[in-house]
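For reference, the structure is listed below as structure tokens.
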Amino acid sequence: MSVAGHVSRERLWERHMLLARHGATPADGVNRQALSAEEIAARRELIEWSQPLRLAPSTDAVGNFFLRMEGRDKEAAPVLTGSHLDSQPTGGKFDGVYGVLAALEAVQAMRDSGHTPRRPIEIVAWMNEEGSRFAPGMMGSAAFAGAAPLAGMLPVRDANGVSVEQGLAQLKAAFPSLPERELGRPVAAYVEAHIEQGPVLEKESFSVGVVTGIQGKRTYRVAVAGEEAHAGTSQRRDRKDALLAATAMIQALARALHDEQDIVKFTVGRLDVKPNAPSVVAGQAVFSVDLRHPDEVTLRALGDRVPEICRANAGRCAVKLEELVTAWPLEFPASMRDEIRRAATRLGLRTMDLPSAAGHDARYLHYVCPSGMIFVPCKDGISHNEAESATPEDLYDGARVLAETLVALADR
Ligand SMILES: [Zn+2]
């Protein structure tokens with residue numbers, strides 16, 4: 001029997017249900033914040049499951065979590081596979097966890113089949129992917145990839161004033177004997193399995209998606225400065241109404257960035273008004289812009305228009321723009337996509353190519369080693385939600401493709 005033939009649908013499903021106990025919410029969802037007691041309990045359970053498989057647990061300075069299966073060639077750079085264990089405050093049972101459990105299932109299948117790959121395989125759970133406790137997200141993979149220094153993350157505090165540094169100390173106290181590996185070790189390849197978090201695979205009836213890349217994102221903070229005035233006595237021609245100007249900018253942006261095909265994603269999710277009083281002309285309005293697109297040239301061009309559109313609609317107000325995040329779209333190497341597609345074909349599974357609309361840890365690993373992602377459908381595309389749901393069958397198909405892909409990469 002092939003390695004994938006040893007993947008167990010039941011065990012994979014049961015482990016999702018067991019891990020969901022750590023941070024279970026009354027509405028059947030999961031609240032498991034980065035470095036919390038719940039996440040520590042989930043790591044502890046993973047170590048227990050991995051023991052009969054002779055996997056070596058370890059961590060690193062940013063609190064990433066690894067389970068290593070030794071290869072025939074101990075000196076070879078490992079193949080890395082996994083995702084994350086943290087969740088949104090009202091998250092589901094599958095986002096992130098699936099990538100970790102599918103990886104564990106794949107390694108267990110290798111053990112059961114008696115196949116020891118040439119390269120070591122390391123299962124990874126990246127620290128703080130979601131960014132809901134400590135902002136921004138993807139701290140673990142960013143630090144590992146050298147995209148952002150650890151020193152800048154340590155002082156970041158959660159809503160209760162607890163810092164990343166304190167959280168990491170608690171993690172260390174919970175696992176005092178866990179060896180600490182260096183950040184940014186050589187890696188041969190990275191594969192991440194994840195639920196799609198969108199509706200495409202389910203709608204098109206595919207159980208497995210080959211992710212072509214991750215769409216890019218530019219975010220802005222737009223501050224509009226006007227002048228506070230009496231709502232009853234101030235003359236229209238004298239007013240500098242910051243709220244009116246801000247809403248004109250937002251409407252103009254929405255019109256300019258409108259895309260009939262719905263590929264351009266434009267969102268203003270936040271608007272703060274000062275003094276926010278019913279009878280005072282707003283003196284200040286600050287709003288956010290979140291712009292996403294899978295094509296770099298288009299994202300560049302559209303994003304570059306944001307400042308001019310805002311200025312053109314400022315009226316008598318002053319406007320100040322700040323670009324906060326610039327994450328260009330990326331395309332995973334064709335060699336990795338081919339490897340995943342070939343694995344699926346060997347298993348008799350049809351695959352669909354699709355881009356990822358959401359960000360993932362693979363965004364940072366892409367710059368470390370050849371990286372790729374496998375998507376499985378989730379019900380109605382619902383994610384970051386307690387109602388998040390997936391079928392045992394789809395999770396099983398994705399895990400089998402992951403197992404086949406890992407064998408191919410690790411035997412090379
Ligand atoms: Zn995720």
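Each chain in the structure tokens gets a letter, A, B, ..., in the order shown, and its residues are numbered from 1; ligands are numbered from 1 in order too.
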
Using only C-alpha atoms and all ligand atoms, what table do you get, as a tab-separated table, when you list each residue of chain A with an atom no more than 8 Å from ligand 1, its nearest pair of atoms, and their distance in Å rounded to one decimal, rows by chain then rising number?
```
residue	atom	partner	partner_atom_place_in_ligand_line	distance
A:Ser83	CA	ligand 1	1 (Zn)	7.0
A:His84	CA	ligand 1	1 (Zn)	6.5
A:Ser87	CA	ligand 1	1 (Zn)	7.7
A:Asp95	CA	ligand 1	1 (Zn)	4.6
A:Gly96	CA	ligand 1	1 (Zn)	4.1
A:Val97	CA	ligand 1	1 (Zn)	7.8
A:Glu129	CA	ligand 1	1 (Zn)	6.8
A:Glu130	CA	ligand 1	1 (Zn)	6.8
A:His194	CA	ligand 1	1 (Zn)	6.8
A:Ile195	CA	ligand 1	1 (Zn)	7.8
A:Gly359	CA	ligand 1	1 (Zn)	7.9
A:His360	CA	ligand 1	1 (Zn)	6.2
```

Dump N, CA and C atoms for the selected residues as a CSV table (one decimal), in the first residue's frame?
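Once written, result-v8.csv looks like this:
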```csv
chain,number,residue,atom,x,y,z
A,83,SER,N,0.9,24.7,9.6
A,83,SER,CA,0.1,25.9,9.5
A,83,SER,C,0.1,26.5,10.9
A,84,HIS,N,-1.1,26.7,11.5
A,84,HIS,CA,-1.1,27.4,12.8
A,84,HIS,C,-2.2,26.8,13.7
A,87,SER,N,-6.4,30.9,16.7
A,87,SER,CA,-7.7,31.2,16.0
A,87,SER,C,-8.1,32.6,16.3
A,95,ASP,N,-9.6,26.2,10.5
A,95,ASP,CA,-8.6,27.2,10.0
A,95,ASP,C,-7.3,27.1,10.8
A,96,GLY,N,-6.2,26.7,10.1
A,96,GLY,CA,-4.9,26.5,10.6
A,96,GLY,C,-4.7,25.1,11.2
A,97,VAL,N,-5.6,24.7,12.0
A,97,VAL,CA,-5.5,23.4,12.6
A,97,VAL,C,-5.4,22.3,11.6
A,129,GLU,N,-0.5,33.4,13.9
A,129,GLU,CA,-0.8,33.7,12.5
A,129,GLU,C,-1.9,34.7,12.4
A,130,GLU,N,-2.9,34.5,13.3
A,130,GLU,CA,-4.2,35.3,13.2
A,130,GLU,C,-4.0,36.8,13.5
A,194,HIS,N,-4.6,23.9,3.9
A,194,HIS,CA,-5.5,24.9,4.6
A,194,HIS,C,-6.9,24.8,4.0
A,195,ILE,N,-7.9,25.1,4.8
A,195,ILE,CA,-9.3,25.3,4.2
A,195,ILE,C,-9.2,26.5,3.3
A,359,GLY,N,-4.3,35.9,3.4
A,359,GLY,CA,-2.9,35.7,3.7
A,359,GLY,C,-2.6,34.5,4.5
A,360,HIS,N,-1.5,33.9,4.3
A,360,HIS,CA,-1.1,32.7,5.0
A,360,HIS,C,0.4,32.7,5.4
```

Enumerate as a list in words all residues of range 320-392 of chain A assigned to strand (DSSP E) by DSSP on the backbone, naming them with the chain letters and numbers the document uses.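 Across range 320-392 of chain A, those assigned strand (DSSP E) are Lys320, Leu321, Glu322, Glu323, Leu324, Val325, Thr326, Ala327, Leu330, Glu331, Thr351, Met352, Asp353, Leu354, Pro355, Ser356, Ser371, Gly372, Met373, Ile374, Phe375 and Val376 of chain A.
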
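Shortest atom-to-atom contact with Pro120 in chain A among A:Val319, A:Leu67, A:Leu365, A:Val376: A:Leu67, counting only C-alpha atoms.
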
If you count only C-alpha atoms, the residue of A:Asn276, A:Val210, A:Ala246, A:Pro329 closest to Leu349 in chain A turns out to be A:Val210

From a backbone DSSP assignment, name each residue in range 53-246 of chain A labelled helix (DSSP H, G or I), as an NGL selection string. :A and (53 or 97-113 or 139-145 or 150-153 or 164-174 or 200-204 or 236-238 or 242-246)

Please write the residues from the selection above to a file, keeping C-alpha atoms, as a compact mmCIF listing (two decimals), in the first residue's frame.
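Written output follows (selection.txt):
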```
# COMPACT_ATOMS: atom_id res chain seq x y z
CA LEU A 53 5.68 8.14 16.00
CA VAL A 97 -5.46 23.35 12.64
CA TYR A 98 -6.11 21.43 9.44
CA GLY A 99 -2.63 22.14 8.09
CA VAL A 100 -1.02 20.88 11.30
CA LEU A 101 -3.21 17.78 11.65
CA ALA A 102 -2.99 16.85 7.96
CA ALA A 103 0.81 17.04 8.33
CA LEU A 104 0.71 14.79 11.41
CA GLU A 105 -1.57 12.37 9.56
CA ALA A 106 0.83 12.30 6.60
CA VAL A 107 3.80 11.55 8.86
CA GLN A 108 1.82 8.88 10.71
CA ALA A 109 0.97 7.31 7.33
CA MET A 110 4.69 7.23 6.48
CA ARG A 111 5.46 5.48 9.75
CA ASP A 112 2.63 2.98 9.24
CA SER A 113 3.78 2.24 5.69
CA MET A 139 4.75 36.87 13.58
CA GLY A 140 6.22 33.37 13.81
CA SER A 141 6.68 32.83 10.08
CA ALA A 142 7.87 36.44 9.57
CA ALA A 143 10.56 36.06 12.24
CA PHE A 144 11.57 32.64 10.89
CA ALA A 145 11.87 34.06 7.37
CA LEU A 150 11.92 39.42 16.71
CA ALA A 151 13.00 42.43 18.78
CA GLY A 152 10.19 44.50 17.24
CA MET A 153 7.58 41.88 18.18
CA VAL A 164 4.62 38.88 23.38
CA GLU A 165 7.76 38.65 25.52
CA GLN A 166 5.68 37.67 28.58
CA GLY A 167 3.63 35.24 26.49
CA LEU A 168 6.81 33.57 25.26
CA ALA A 169 8.08 33.29 28.85
CA GLN A 170 4.82 31.52 29.79
CA LEU A 171 5.24 29.17 26.85
CA LYS A 172 8.79 28.37 27.96
CA ALA A 173 7.59 27.74 31.52
CA ALA A 174 4.95 25.32 30.20
CA VAL A 200 -14.86 28.42 -5.07
CA LEU A 201 -13.89 24.74 -4.56
CA GLU A 202 -17.27 23.83 -3.08
CA LYS A 203 -19.13 25.61 -5.87
CA GLU A 204 -17.01 23.91 -8.56
CA ARG A 236 -22.17 76.38 4.59
CA ARG A 237 -19.60 78.37 2.62
CA ASP A 238 -17.44 78.72 5.75
CA ALA A 242 -14.34 66.56 7.64
CA LEU A 243 -17.03 63.87 7.65
CA LEU A 244 -18.65 65.13 4.48
CA ALA A 245 -15.24 65.23 2.79
CA ALA A 246 -14.34 61.74 4.02
```

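Pairwise distance (CA of Leu302 in chain A, CA of Leu330 in chain A) equals 17.2 Å.
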
Do you know which residues are at most 9 Å from Phe65 in chain A counting only C-alpha atoms, after dropping those on the same chain fewer than 4 positions away, and could you put them as an MDAnalysis selection string? chainID A and resid 43 57:60 123:127

Non-local contacts of range 390-399 of chain A (6 Å; only C-alpha atoms; under 3 positions in same chain excluded) as a ChimeraX atom specification: /A:9,13,102,207-208,378-379,402

Next, write the just-selected residues to a file, as a compact mmCIF listing (two decimals), in the first residue's frame, keeping C-alpha atoms as the atom set.
```txt
# COMPACT_ATOMS: atom_id res chain seq x y z
CA ARG A 9 -10.13 9.62 7.53
CA TRP A 13 -11.50 13.91 11.81
CA ALA A 102 -2.99 16.85 7.96
CA SER A 207 -12.09 18.36 -3.07
CA VAL A 208 -8.55 19.62 -3.65
CA CYS A 378 -15.14 24.68 3.56
CA LYS A 379 -18.91 24.95 3.76
CA LEU A 402 -0.23 16.28 1.19
```

Give me the residues within 10 Å of Gly92 in chain A as a list in words, counting only C-alpha atoms and dropping any in the same chain fewer than 5 places off. Ala20, Ala24, Thr25, Ala27, Asp28, Gly29, Val30, Asn31, Arg32, Ser87, Val97, Ile382, Ser383, His384, Asn385, Glu386, Ala387, Glu388 and Ser389 of chain A

Selection above as a file: N, CA and C atoms, as a tab-separated table (two decimals), in the first residue's frame:
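Output (selection.tsv):
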```
chain	number	residue	atom	x	y	z
A	20	ALA	N	-10.36	20.82	19.12
A	20	ALA	CA	-11.36	21.90	19.25
A	20	ALA	C	-11.84	22.05	20.69
A	24	ALA	N	-12.85	25.75	23.27
A	24	ALA	CA	-14.21	25.58	22.75
A	24	ALA	C	-15.12	26.72	23.21
A	25	THR	N	-15.95	27.25	22.31
A	25	THR	CA	-16.91	28.30	22.65
A	25	THR	C	-18.31	27.69	22.74
A	27	ALA	N	-20.92	28.40	21.21
A	27	ALA	CA	-21.57	28.25	19.90
A	27	ALA	C	-20.84	27.26	19.00
A	28	ASP	N	-20.07	26.32	19.62
A	28	ASP	CA	-19.45	25.23	18.87
A	28	ASP	C	-18.24	25.70	18.04
A	29	GLY	N	-17.71	26.85	18.38
A	29	GLY	CA	-16.53	27.34	17.68
A	29	GLY	C	-15.30	27.20	18.55
A	30	VAL	N	-14.26	27.95	18.21
A	30	VAL	CA	-12.99	27.87	18.93
A	30	VAL	C	-12.45	29.28	19.18
A	31	ASN	N	-12.01	29.53	20.40
A	31	ASN	CA	-11.27	30.76	20.73
A	31	ASN	C	-9.95	30.33	21.34
A	32	ARG	N	-8.92	30.25	20.50
A	32	ARG	CA	-7.61	29.76	20.97
A	32	ARG	C	-6.55	30.77	20.53
A	87	SER	N	-6.43	30.89	16.74
A	87	SER	CA	-7.69	31.15	16.02
A	87	SER	C	-8.13	32.59	16.27
A	97	VAL	N	-5.59	24.68	12.04
A	97	VAL	CA	-5.46	23.35	12.64
A	97	VAL	C	-5.35	22.27	11.56
A	382	ILE	N	-17.42	29.84	4.48
A	382	ILE	CA	-17.45	30.55	5.77
A	382	ILE	C	-16.22	30.21	6.59
A	383	SER	N	-15.52	31.26	7.08
A	383	SER	CA	-14.34	31.09	7.92
A	383	SER	C	-14.21	32.29	8.84
A	384	HIS	N	-13.27	32.23	9.80
A	384	HIS	CA	-13.21	33.25	10.86
A	384	HIS	C	-14.60	33.38	11.48
A	385	ASN	N	-15.19	32.26	11.77
A	385	ASN	CA	-16.59	32.20	12.20
A	385	ASN	C	-16.78	30.86	12.91
A	386	GLU	N	-17.61	30.88	13.98
A	386	GLU	CA	-17.82	29.63	14.73
A	386	GLU	C	-18.53	28.57	13.89
A	387	ALA	N	-19.22	29.02	12.84
A	387	ALA	CA	-19.96	28.08	11.99
A	387	ALA	C	-19.07	27.41	10.93
A	388	GLU	N	-17.77	27.75	10.92
A	388	GLU	CA	-16.83	27.16	9.95
A	388	GLU	C	-16.97	25.64	9.94
A	389	SER	N	-17.05	25.07	8.73
A	389	SER	CA	-17.30	23.63	8.64
A	389	SER	C	-16.64	23.03	7.40
```

Please list as a list in words every residue within 9 Å of Gln215 in chain A, counting only C-alpha atoms and excluding residues in the same chain fewer than 4 positions away.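 The residues that qualify are Arg292, His293, Pro294, Asp295, Glu296, Ala327, Trp328, Pro329, Leu330, Glu331, Pro355, Ser356, Ala357, Ala358 and Gly359 of chain A.
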
How many Å lie between CA of Arg316 in chain A and CA of Arg300 in chain A, rounded to one decimal?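 Result for CA of Arg316 in chain A versus CA of Arg300 in chain A: 28.5 Å, one decimal.
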